[in-house]
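Structure file run.pdb (PDB, C-alpha atoms and all ligand atoms) is printed below.
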```
ATOM      1  CA  MET A   1      24.161  12.299  27.635  1.00  0.00           C
ATOM      2  CA  ASN A   2      22.912   8.787  28.311  1.00  0.00           C
ATOM      3  CA  THR A   3      21.719   7.522  24.917  1.00  0.00           C
ATOM      4  CA  PRO A   4      21.552   3.991  23.564  1.00  0.00           C
ATOM      5  CA  PHE A   5      23.331   4.796  20.302  1.00  0.00           C
ATOM      6  CA  THR A   6      26.918   4.517  21.507  1.00  0.00           C
ATOM      7  CA  ARG A   7      26.154   1.086  22.920  1.00  0.00           C
ATOM      8  CA  PHE A   8      24.364   0.044  19.720  1.00  0.00           C
ATOM      9  CA  ALA A   9      27.427   1.030  17.671  1.00  0.00           C
ATOM     10  CA  GLU A  10      29.731  -0.926  19.994  1.00  0.00           C
ATOM     11  CA  TRP A  11      27.595  -4.050  19.975  1.00  0.00           C
ATOM     12  CA  LEU A  12      27.091  -4.006  16.183  1.00  0.00           C
ATOM     13  CA  ALA A  13      30.850  -3.587  15.671  1.00  0.00           C
ATOM     14  CA  ALA A  14      31.533  -6.506  18.021  1.00  0.00           C
ATOM     15  CA  ALA A  15      29.051  -8.651  16.082  1.00  0.00           C
ATOM     16  CA  GLU A  16      30.653  -7.638  12.772  1.00  0.00           C
ATOM     17  CA  ALA A  17      33.947  -8.979  14.112  1.00  0.00           C
ATOM     18  CA  THR A  18      32.578 -12.362  15.199  1.00  0.00           C
ATOM     19  CA  GLU A  19      29.385 -13.337  13.341  1.00  0.00           C
ATOM     20  CA  PRO A  20      30.027 -15.793  10.468  1.00  0.00           C
ATOM     21  CA  ASN A  21      27.299 -14.258   8.263  1.00  0.00           C
ATOM     22  CA  ASP A  22      25.082 -11.184   8.094  1.00  0.00           C
ATOM     23  CA  PRO A  23      25.796  -9.448  11.434  1.00  0.00           C
ATOM     24  CA  ASN A  24      23.251  -6.854  10.239  1.00  0.00           C
ATOM     25  CA  ALA A  25      20.452  -9.457  10.034  1.00  0.00           C
ATOM     26  CA  VAL A  26      17.517  -8.537  12.231  1.00  0.00           C
ATOM     27  CA  ALA A  27      14.072  -9.965  12.890  1.00  0.00           C
ATOM     28  CA  LEU A  28      11.347  -7.485  11.947  1.00  0.00           C
ATOM     29  CA  ALA A  29       7.983  -8.031  13.604  1.00  0.00           C
ATOM     30  CA  THR A  30       4.862  -6.412  12.190  1.00  0.00           C
ATOM     31  CA  ALA A  31       1.184  -6.886  12.974  1.00  0.00           C
ATOM     32  CA  THR A  32      -2.150  -6.380  11.267  1.00  0.00           C
ATOM     33  CA  PRO A  33      -4.537  -3.794  12.739  1.00  0.00           C
ATOM     34  CA  GLN A  34      -6.313  -6.804  14.321  1.00  0.00           C
ATOM     35  CA  GLY A  35      -3.075  -7.674  16.154  1.00  0.00           C
ATOM     36  CA  ARG A  36      -2.033 -10.763  14.174  1.00  0.00           C
ATOM     37  CA  PRO A  37       1.776 -10.738  14.181  1.00  0.00           C
ATOM     38  CA  SER A  38       4.272 -11.823  11.532  1.00  0.00           C
ATOM     39  CA  VAL A  39       8.047 -11.805  11.693  1.00  0.00           C
ATOM     40  CA  ARG A  40      10.872 -12.248   9.171  1.00  0.00           C
ATOM     41  CA  ILE A  41      14.592 -11.521   8.889  1.00  0.00           C
ATOM     42  CA  VAL A  42      15.763  -8.441   6.974  1.00  0.00           C
ATOM     43  CA  LEU A  43      19.113  -6.669   6.684  1.00  0.00           C
ATOM     44  CA  LEU A  44      19.825  -3.372   8.433  1.00  0.00           C
ATOM     45  CA  LYS A  45      21.173  -1.065   5.715  1.00  0.00           C
ATOM     46  CA  GLY A  46      21.625   2.157   7.651  1.00  0.00           C
ATOM     47  CA  TRP A  47      21.085   3.674  11.033  1.00  0.00           C
ATOM     48  CA  ASP A  48      21.552   6.860  13.039  1.00  0.00           C
ATOM     49  CA  GLU A  49      19.710   8.555  15.894  1.00  0.00           C
ATOM     50  CA  GLN A  50      16.794   9.254  13.494  1.00  0.00           C
ATOM     51  CA  GLY A  51      16.188   5.574  12.903  1.00  0.00           C
ATOM     52  CA  PHE A  52      17.078   2.149  11.580  1.00  0.00           C
ATOM     53  CA  VAL A  53      16.594   1.545   7.838  1.00  0.00           C
ATOM     54  CA  VAL A  54      15.669  -1.653   6.000  1.00  0.00           C
ATOM     55  CA  TYR A  55      14.753  -2.141   2.321  1.00  0.00           C
ATOM     56  CA  THR A  56      12.040  -4.266   0.830  1.00  0.00           C
ATOM     57  CA  ASN A  57       9.169  -4.587  -1.618  1.00  0.00           C
ATOM     58  CA  LEU A  58       6.334  -2.190  -0.747  1.00  0.00           C
ATOM     59  CA  THR A  59       3.598  -4.599  -1.858  1.00  0.00           C
ATOM     60  CA  GLY A  60       4.687  -7.687   0.110  1.00  0.00           C
ATOM     61  CA  ARG A  61       3.128  -8.858   3.332  1.00  0.00           C
ATOM     62  CA  LYS A  62       5.330  -6.878   5.722  1.00  0.00           C
ATOM     63  CA  SER A  63       4.821  -3.608   3.843  1.00  0.00           C
ATOM     64  CA  LEU A  64       1.060  -4.064   3.575  1.00  0.00           C
ATOM     65  CA  GLU A  65       0.967  -4.635   7.319  1.00  0.00           C
ATOM     66  CA  LEU A  66       3.141  -1.559   7.900  1.00  0.00           C
ATOM     67  CA  LYS A  67       0.903   0.621   5.731  1.00  0.00           C
ATOM     68  CA  ALA A  68      -2.110  -0.429   7.842  1.00  0.00           C
ATOM     69  CA  ASN A  69      -0.329  -0.451  11.216  1.00  0.00           C
ATOM     70  CA  PRO A  70       2.989   1.455  11.141  1.00  0.00           C
ATOM     71  CA  PHE A  71       4.587   0.033  14.296  1.00  0.00           C
ATOM     72  CA  VAL A  72       7.313  -2.585  14.591  1.00  0.00           C
ATOM     73  CA  GLN A  73       9.751  -4.298  16.834  1.00  0.00           C
ATOM     74  CA  LEU A  74      13.247  -5.257  15.645  1.00  0.00           C
ATOM     75  CA  ASN A  75      15.244  -8.015  17.313  1.00  0.00           C
ATOM     76  CA  PHE A  76      18.959  -8.542  16.751  1.00  0.00           C
ATOM     77  CA  HIS A  77      20.333 -11.789  18.178  1.00  0.00           C
ATOM     78  CA  TRP A  78      24.066 -12.351  17.913  1.00  0.00           C
ATOM     79  CA  LYS A  79      24.837 -15.925  19.011  1.00  0.00           C
ATOM     80  CA  THR A  80      28.593 -15.340  18.994  1.00  0.00           C
ATOM     81  CA  GLN A  81      28.149 -12.439  21.407  1.00  0.00           C
ATOM     82  CA  ARG A  82      25.302 -13.957  23.435  1.00  0.00           C
ATOM     83  CA  ARG A  83      23.520 -10.651  23.036  1.00  0.00           C
ATOM     84  CA  GLN A  84      20.112  -9.414  21.964  1.00  0.00           C
ATOM     85  CA  ILE A  85      18.843  -5.912  21.142  1.00  0.00           C
ATOM     86  CA  ARG A  86      15.162  -5.055  20.779  1.00  0.00           C
ATOM     87  CA  ILE A  87      14.115  -1.783  19.142  1.00  0.00           C
ATOM     88  CA  GLU A  88      10.518  -0.605  19.120  1.00  0.00           C
ATOM     89  CA  GLY A  89       8.722   2.270  17.466  1.00  0.00           C
ATOM     90  CA  PRO A  90       6.763   3.642  14.520  1.00  0.00           C
ATOM     91  CA  VAL A  91       7.984   3.480  10.930  1.00  0.00           C
ATOM     92  CA  GLU A  92       8.042   5.881   7.997  1.00  0.00           C
ATOM     93  CA  GLN A  93       9.082   5.309   4.393  1.00  0.00           C
ATOM     94  CA  VAL A  94      12.490   6.703   3.478  1.00  0.00           C
ATOM     95  CA  SER A  95      12.603   9.472   0.834  1.00  0.00           C
ATOM     96  CA  ASP A  96      12.781   8.521  -2.867  1.00  0.00           C
ATOM     97  CA  HIS A  97      16.192  10.171  -2.941  1.00  0.00           C
ATOM     98  CA  GLU A  98      17.517   7.967  -0.114  1.00  0.00           C
ATOM     99  CA  ALA A  99      16.021   4.807  -1.639  1.00  0.00           C
ATOM    100  CA  ASP A 100      17.441   5.643  -5.089  1.00  0.00           C
ATOM    101  CA  ALA A 101      20.912   6.115  -3.597  1.00  0.00           C
ATOM    102  CA  TYR A 102      20.800   2.746  -1.832  1.00  0.00           C
ATOM    103  CA  PHE A 103      19.269   0.903  -4.812  1.00  0.00           C
ATOM    104  CA  ALA A 104      22.079   2.186  -7.049  1.00  0.00           C
ATOM    105  CA  THR A 105      24.640   0.371  -4.860  1.00  0.00           C
ATOM    106  CA  ARG A 106      22.993  -3.067  -5.329  1.00  0.00           C
ATOM    107  CA  PRO A 107      24.351  -5.648  -7.778  1.00  0.00           C
ATOM    108  CA  ARG A 108      22.552  -5.754 -11.148  1.00  0.00           C
ATOM    109  CA  LEU A 109      20.975  -9.155 -10.444  1.00  0.00           C
ATOM    110  CA  SER A 110      19.549  -7.930  -7.128  1.00  0.00           C
ATOM    111  CA  GLN A 111      18.222  -4.813  -8.876  1.00  0.00           C
ATOM    112  CA  ALA A 112      16.560  -6.952 -11.555  1.00  0.00           C
ATOM    113  CA  GLY A 113      15.135  -9.217  -8.870  1.00  0.00           C
ATOM    114  CA  ALA A 114      13.419  -6.259  -7.259  1.00  0.00           C
ATOM    115  CA  TRP A 115      11.473  -5.729 -10.515  1.00  0.00           C
ATOM    116  CA  ALA A 116      10.856  -9.418 -11.194  1.00  0.00           C
ATOM    117  CA  SER A 117       9.700 -10.483  -7.726  1.00  0.00           C
ATOM    118  CA  LEU A 118       6.065 -10.106  -6.719  1.00  0.00           C
ATOM    119  CA  GLN A 119       7.177 -10.503  -3.119  1.00  0.00           C
ATOM    120  CA  SER A 120       4.926 -12.609  -0.875  1.00  0.00           C
ATOM    121  CA  ARG A 121       2.557 -13.593  -3.706  1.00  0.00           C
ATOM    122  CA  PRO A 122       2.145 -17.205  -4.949  1.00  0.00           C
ATOM    123  CA  LEU A 123       4.639 -18.253  -7.659  1.00  0.00           C
ATOM    124  CA  PRO A 124       3.402 -21.080  -9.928  1.00  0.00           C
ATOM    125  CA  ASP A 125       6.906 -22.385 -10.652  1.00  0.00           C
ATOM    126  CA  ARG A 126      10.547 -21.243 -10.653  1.00  0.00           C
ATOM    127  CA  ALA A 127      10.569 -20.912 -14.461  1.00  0.00           C
ATOM    128  CA  THR A 128       7.930 -18.184 -14.280  1.00  0.00           C
ATOM    129  CA  PHE A 129      10.215 -16.125 -12.036  1.00  0.00           C
ATOM    130  CA  GLU A 130      13.244 -16.714 -14.240  1.00  0.00           C
ATOM    131  CA  THR A 131      11.310 -15.633 -17.354  1.00  0.00           C
ATOM    132  CA  ARG A 132      10.244 -12.441 -15.582  1.00  0.00           C
ATOM    133  CA  LEU A 133      13.863 -11.844 -14.536  1.00  0.00           C
ATOM    134  CA  GLU A 134      15.106 -12.286 -18.127  1.00  0.00           C
ATOM    135  CA  GLU A 135      12.495  -9.791 -19.362  1.00  0.00           C
ATOM    136  CA  VAL A 136      13.727  -7.209 -16.843  1.00  0.00           C
ATOM    137  CA  LEU A 137      17.375  -7.711 -17.867  1.00  0.00           C
ATOM    138  CA  GLN A 138      16.424  -7.192 -21.529  1.00  0.00           C
ATOM    139  CA  ARG A 139      14.199  -4.190 -20.769  1.00  0.00           C
ATOM    140  CA  PHE A 140      17.039  -2.429 -18.929  1.00  0.00           C
ATOM    141  CA  PRO A 141      20.276  -3.240 -20.807  1.00  0.00           C
ATOM    142  CA  ASP A 142      22.128  -0.453 -18.982  1.00  0.00           C
ATOM    143  CA  GLU A 143      21.193   0.987 -15.599  1.00  0.00           C
ATOM    144  CA  ILE A 144      18.247  -0.511 -13.790  1.00  0.00           C
ATOM    145  CA  PRO A 145      16.171   2.176 -12.059  1.00  0.00           C
ATOM    146  CA  ARG A 146      14.609   1.588  -8.659  1.00  0.00           C
ATOM    147  CA  PRO A 147      11.126   0.103  -9.042  1.00  0.00           C
ATOM    148  CA  PRO A 148       8.403   2.344  -7.582  1.00  0.00           C
ATOM    149  CA  HIS A 149       7.294  -0.630  -5.469  1.00  0.00           C
ATOM    150  CA  TRP A 150      10.700  -1.036  -3.751  1.00  0.00           C
ATOM    151  CA  SER A 151      11.955   1.266  -1.018  1.00  0.00           C
ATOM    152  CA  GLY A 152      13.019   1.512   2.592  1.00  0.00           C
ATOM    153  CA  TRP A 153      11.330   1.727   5.949  1.00  0.00           C
ATOM    154  CA  ARG A 154      12.858   3.755   8.753  1.00  0.00           C
ATOM    155  CA  ILE A 155      12.107   2.437  12.237  1.00  0.00           C
ATOM    156  CA  ILE A 156      12.070   5.437  14.593  1.00  0.00           C
ATOM    157  CA  PRO A 157      13.207   4.178  17.991  1.00  0.00           C
ATOM    158  CA  GLU A 158      11.098   4.921  21.054  1.00  0.00           C
ATOM    159  CA  SER A 159      12.688   2.198  23.155  1.00  0.00           C
ATOM    160  CA  ILE A 160      15.847   0.106  22.856  1.00  0.00           C
ATOM    161  CA  GLU A 161      16.640  -2.834  25.136  1.00  0.00           C
ATOM    162  CA  PHE A 162      20.112  -4.343  25.498  1.00  0.00           C
ATOM    163  CA  TRP A 163      20.305  -7.941  26.745  1.00  0.00           C
ATOM    164  CA  GLN A 164      23.546  -9.651  27.701  1.00  0.00           C
ATOM    165  CA  ASP A 165      23.802 -13.297  28.682  1.00  0.00           C
ATOM    166  CA  ARG A 166      25.092 -13.989  32.229  1.00  0.00           C
ATOM    167  CA  ASP A 167      25.801 -17.191  34.140  1.00  0.00           C
ATOM    168  CA  GLY A 168      22.831 -18.987  35.650  1.00  0.00           C
ATOM    169  CA  ARG A 169      20.404 -17.064  33.406  1.00  0.00           C
ATOM    170  CA  LEU A 170      21.029 -14.031  35.632  1.00  0.00           C
ATOM    171  CA  HIS A 171      21.172 -11.869  32.539  1.00  0.00           C
ATOM    172  CA  ASP A 172      21.665  -8.112  32.296  1.00  0.00           C
ATOM    173  CA  ARG A 173      18.836  -6.157  30.712  1.00  0.00           C
ATOM    174  CA  GLU A 174      18.867  -2.393  30.240  1.00  0.00           C
ATOM    175  CA  LEU A 175      15.901  -0.603  28.706  1.00  0.00           C
ATOM    176  CA  PHE A 176      16.354   2.863  27.190  1.00  0.00           C
ATOM    177  CA  THR A 177      13.138   4.852  26.695  1.00  0.00           C
ATOM    178  CA  LEU A 178      12.679   8.108  24.819  1.00  0.00           C
ATOM    179  CA  GLY A 179      10.667  10.669  26.788  1.00  0.00           C
ATOM    180  CA  THR A 180      10.035  14.383  26.359  1.00  0.00           C
ATOM    181  CA  ASP A 181      13.391  15.129  28.039  1.00  0.00           C
ATOM    182  CA  GLY A 182      15.371  12.653  25.972  1.00  0.00           C
ATOM    183  CA  TRP A 183      16.556   9.122  26.643  1.00  0.00           C
ATOM    184  CA  THR A 184      16.457   7.585  30.111  1.00  0.00           C
ATOM    185  CA  SER A 185      17.415   4.067  31.073  1.00  0.00           C
ATOM    186  CA  GLY A 186      16.686   1.506  33.721  1.00  0.00           C
ATOM    187  CA  LEU A 187      17.276  -2.159  34.401  1.00  0.00           C
ATOM    188  CA  LEU A 188      14.790  -4.994  33.959  1.00  0.00           C
ATOM    189  CA  TYR A 189      14.708  -8.312  35.776  1.00  0.00           C
ATOM    190  CA  PRO A 190      15.913 -11.084  33.465  1.00  0.00           C
TER     191      PRO A 190
HETATM  192  C1  LIG B   1      19.513 -13.253   6.259  1.00  0.00           C
HETATM  193  C2  LIG B   1      18.274 -12.774   5.537  1.00  0.00           C
HETATM  194  C3  LIG B   1      18.205 -11.451   5.118  1.00  0.00           C
HETATM  195  C4  LIG B   1      17.082 -10.977   4.444  1.00  0.00           C
HETATM  196  N1  LIG B   1      17.011  -9.662   4.119  1.00  0.00           N
HETATM  197  C5  LIG B   1      15.905  -9.166   3.524  1.00  0.00           C
HETATM  198  C6  LIG B   1      15.783  -7.769   3.266  1.00  0.00           C
HETATM  199  O1  LIG B   1      16.646  -6.952   3.628  1.00  0.00           O
HETATM  200  N2  LIG B   1      14.678  -7.341   2.628  1.00  0.00           N
HETATM  201  C7  LIG B   1      13.682  -8.195   2.251  1.00  0.00           C
HETATM  202  O2  LIG B   1      12.695  -7.735   1.664  1.00  0.00           O
HETATM  203  N3  LIG B   1      13.748  -9.517   2.512  1.00  0.00           N
HETATM  204  C8  LIG B   1      14.840 -10.018   3.137  1.00  0.00           C
HETATM  205  N4  LIG B   1      14.917 -11.355   3.432  1.00  0.00           N
HETATM  206  C9  LIG B   1      13.752 -12.198   3.083  1.00  0.00           C
HETATM  207  C10 LIG B   1      12.664 -12.022   4.175  1.00  0.00           C
HETATM  208  O3  LIG B   1      13.010 -12.775   5.326  1.00  0.00           O
HETATM  209  C11 LIG B   1      11.262 -12.423   3.694  1.00  0.00           C
HETATM  210  O4  LIG B   1      11.267 -13.746   3.195  1.00  0.00           O
HETATM  211  C12 LIG B   1      10.728 -11.488   2.605  1.00  0.00           C
HETATM  212  O5  LIG B   1      11.070 -10.138   2.857  1.00  0.00           O
HETATM  213  C13 LIG B   1       9.216 -11.587   2.493  1.00  0.00           C
HETATM  214  O6  LIG B   1       8.623 -11.219   3.718  1.00  0.00           O
HETATM  215  P1  LIG B   1       7.057 -10.818   3.824  1.00  0.00           P
HETATM  216  O7  LIG B   1       6.318 -11.813   2.963  1.00  0.00           O
HETATM  217  O8  LIG B   1       6.709 -10.925   5.264  1.00  0.00           O
HETATM  218  O9  LIG B   1       6.923  -9.394   3.309  1.00  0.00           O
HETATM  219  C14 LIG B   1      16.011 -11.860   4.134  1.00  0.00           C
HETATM  220  C15 LIG B   1      16.083 -13.186   4.566  1.00  0.00           C
HETATM  221  C16 LIG B   1      17.197 -13.628   5.273  1.00  0.00           C
HETATM  222  C17 LIG B   1      17.201 -15.058   5.776  1.00  0.00           C
END
```

Could you render the structure from this file as structure tokens?
Amino acid sequence: MNTPFTRFAEWLAAAEATEPNDPNAVALATATPQGRPSVRIVLLKGWDEQGFVVYTNLTGRKSLELKANPFVQLNFHWKTQRRQIRIEGPVEQVSDHEADAYFATRPRLSQAGAWASLQSRPLPDRATFETRLEEVLQRFPDEIPRPPHWSGWRIIPESIEFWQDRDGRLHDRELFTLGTDGWTSGLLYP
């Protein structure tokens, strides 16, 4: 069957072998219901044919936009590979069980940060954040549970485009689209 997932696995593995940092870094574009876009880098923490999972605060800007307009585009760009992948589709929140399992793997400081950070909101000064962090560390001397405001979003792919640099800007582009009969693909002009 012609699906984009084998290619995605190959390209991510190639990037893991050559990128100096964060080969799983991906730009996540969201938009308000009025169509005003915003984009930021996040880390891909899991993927399969059901979707691509990223974790974040559920009360920050990106999550508020996703709650109002649950559609995104992801964009991986691997400079060492001269490749780009764009993934488009709706999102859903991951289950509490899945989020708990991922949160439990994070270092203690990152776990505490998830409680202490009011992501995307104004911070008067760094000391305020550090005081909040200290309070969290004292409140949870042992295990730190996942905050209710921190979880994952699963991007459910409806289209995936693979872009490979070629001489003279005569690049290769292949767009996979999910239809009622499964995935089909075609080329795009560069
Ligand atoms: C390499 C890199 C990886 C990042 N990964 C994440 C991530 O996985 N989750 C996250 O919430 N923020 C991550 N950030 C921070 C985001 O880019 C962003 O600043 C933050 O999520 C707030 O975005 P928002 O205000 O649009 O919600 C990362 C930043 C960089 C540069």

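Proximity of A:Gly89, A:Gly113, A:Ala13, A:Leu188 to Ile156 of chain A, computed with only C-alpha atoms, is greatest for A:Gly89.
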
Need the shell around segment 134-146 of chain A: protein/DNA/RNA residues with any atom at most 9 Å away, counting all atoms listed in the file. Skip same-chain ones fewer than 6 positions apart. Format as a list in words?
Ala99, Asp100, Phe103, Ala104, Arg108, Leu109, Gln111, Ala112, Gly113, Ala114, Trp115 and Ala116 of chain A

Where does the PyMOL selection byres (((chain A and resi 49) around 12) and not hetatm) land in this file, that is, which residues does it pick, as a ChimeraX atom specification?
/A:3-6,8-9,46-48,50-53,154-160,178,182-183

Please, which residues have at least one atom within 10 Å of an atom of ligand LIG 1 (chain B), using all atoms listed in the file, listed as a PDB file with C-alpha atoms, in the coordinates of the input?
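Okay, selection_4.pdb is ready:
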```
ATOM      1  CA  ASN A  21      27.299 -14.258   8.263  1.00  0.00           C
ATOM      2  CA  ASP A  22      25.082 -11.184   8.094  1.00  0.00           C
ATOM      3  CA  PRO A  23      25.796  -9.448  11.434  1.00  0.00           C
ATOM      4  CA  ASN A  24      23.251  -6.854  10.239  1.00  0.00           C
ATOM      5  CA  ALA A  25      20.452  -9.457  10.034  1.00  0.00           C
ATOM      6  CA  VAL A  26      17.517  -8.537  12.231  1.00  0.00           C
ATOM      7  CA  ALA A  27      14.072  -9.965  12.890  1.00  0.00           C
ATOM      8  CA  LEU A  28      11.347  -7.485  11.947  1.00  0.00           C
ATOM      9  CA  ALA A  29       7.983  -8.031  13.604  1.00  0.00           C
ATOM     10  CA  THR A  30       4.862  -6.412  12.190  1.00  0.00           C
ATOM     11  CA  SER A  38       4.272 -11.823  11.532  1.00  0.00           C
ATOM     12  CA  VAL A  39       8.047 -11.805  11.693  1.00  0.00           C
ATOM     13  CA  ARG A  40      10.872 -12.248   9.171  1.00  0.00           C
ATOM     14  CA  ILE A  41      14.592 -11.521   8.889  1.00  0.00           C
ATOM     15  CA  VAL A  42      15.763  -8.441   6.974  1.00  0.00           C
ATOM     16  CA  LEU A  43      19.113  -6.669   6.684  1.00  0.00           C
ATOM     17  CA  LEU A  44      19.825  -3.372   8.433  1.00  0.00           C
ATOM     18  CA  LYS A  45      21.173  -1.065   5.715  1.00  0.00           C
ATOM     19  CA  VAL A  53      16.594   1.545   7.838  1.00  0.00           C
ATOM     20  CA  VAL A  54      15.669  -1.653   6.000  1.00  0.00           C
ATOM     21  CA  TYR A  55      14.753  -2.141   2.321  1.00  0.00           C
ATOM     22  CA  THR A  56      12.040  -4.266   0.830  1.00  0.00           C
ATOM     23  CA  ASN A  57       9.169  -4.587  -1.618  1.00  0.00           C
ATOM     24  CA  LEU A  58       6.334  -2.190  -0.747  1.00  0.00           C
ATOM     25  CA  THR A  59       3.598  -4.599  -1.858  1.00  0.00           C
ATOM     26  CA  GLY A  60       4.687  -7.687   0.110  1.00  0.00           C
ATOM     27  CA  ARG A  61       3.128  -8.858   3.332  1.00  0.00           C
ATOM     28  CA  LYS A  62       5.330  -6.878   5.722  1.00  0.00           C
ATOM     29  CA  SER A  63       4.821  -3.608   3.843  1.00  0.00           C
ATOM     30  CA  LEU A  64       1.060  -4.064   3.575  1.00  0.00           C
ATOM     31  CA  GLU A  65       0.967  -4.635   7.319  1.00  0.00           C
ATOM     32  CA  LEU A  66       3.141  -1.559   7.900  1.00  0.00           C
ATOM     33  CA  ALA A 114      13.419  -6.259  -7.259  1.00  0.00           C
ATOM     34  CA  LEU A 118       6.065 -10.106  -6.719  1.00  0.00           C
ATOM     35  CA  GLN A 119       7.177 -10.503  -3.119  1.00  0.00           C
ATOM     36  CA  SER A 120       4.926 -12.609  -0.875  1.00  0.00           C
ATOM     37  CA  ARG A 121       2.557 -13.593  -3.706  1.00  0.00           C
ATOM     38  CA  TRP A 150      10.700  -1.036  -3.751  1.00  0.00           C
ATOM     39  CA  SER A 151      11.955   1.266  -1.018  1.00  0.00           C
ATOM     40  CA  GLY A 152      13.019   1.512   2.592  1.00  0.00           C
TER      41      GLY A 152
END
```

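A straight line drawn from atom CA of Ala17 of chain A to atom CA of Asn2 of chain A is 25.3 Å long.
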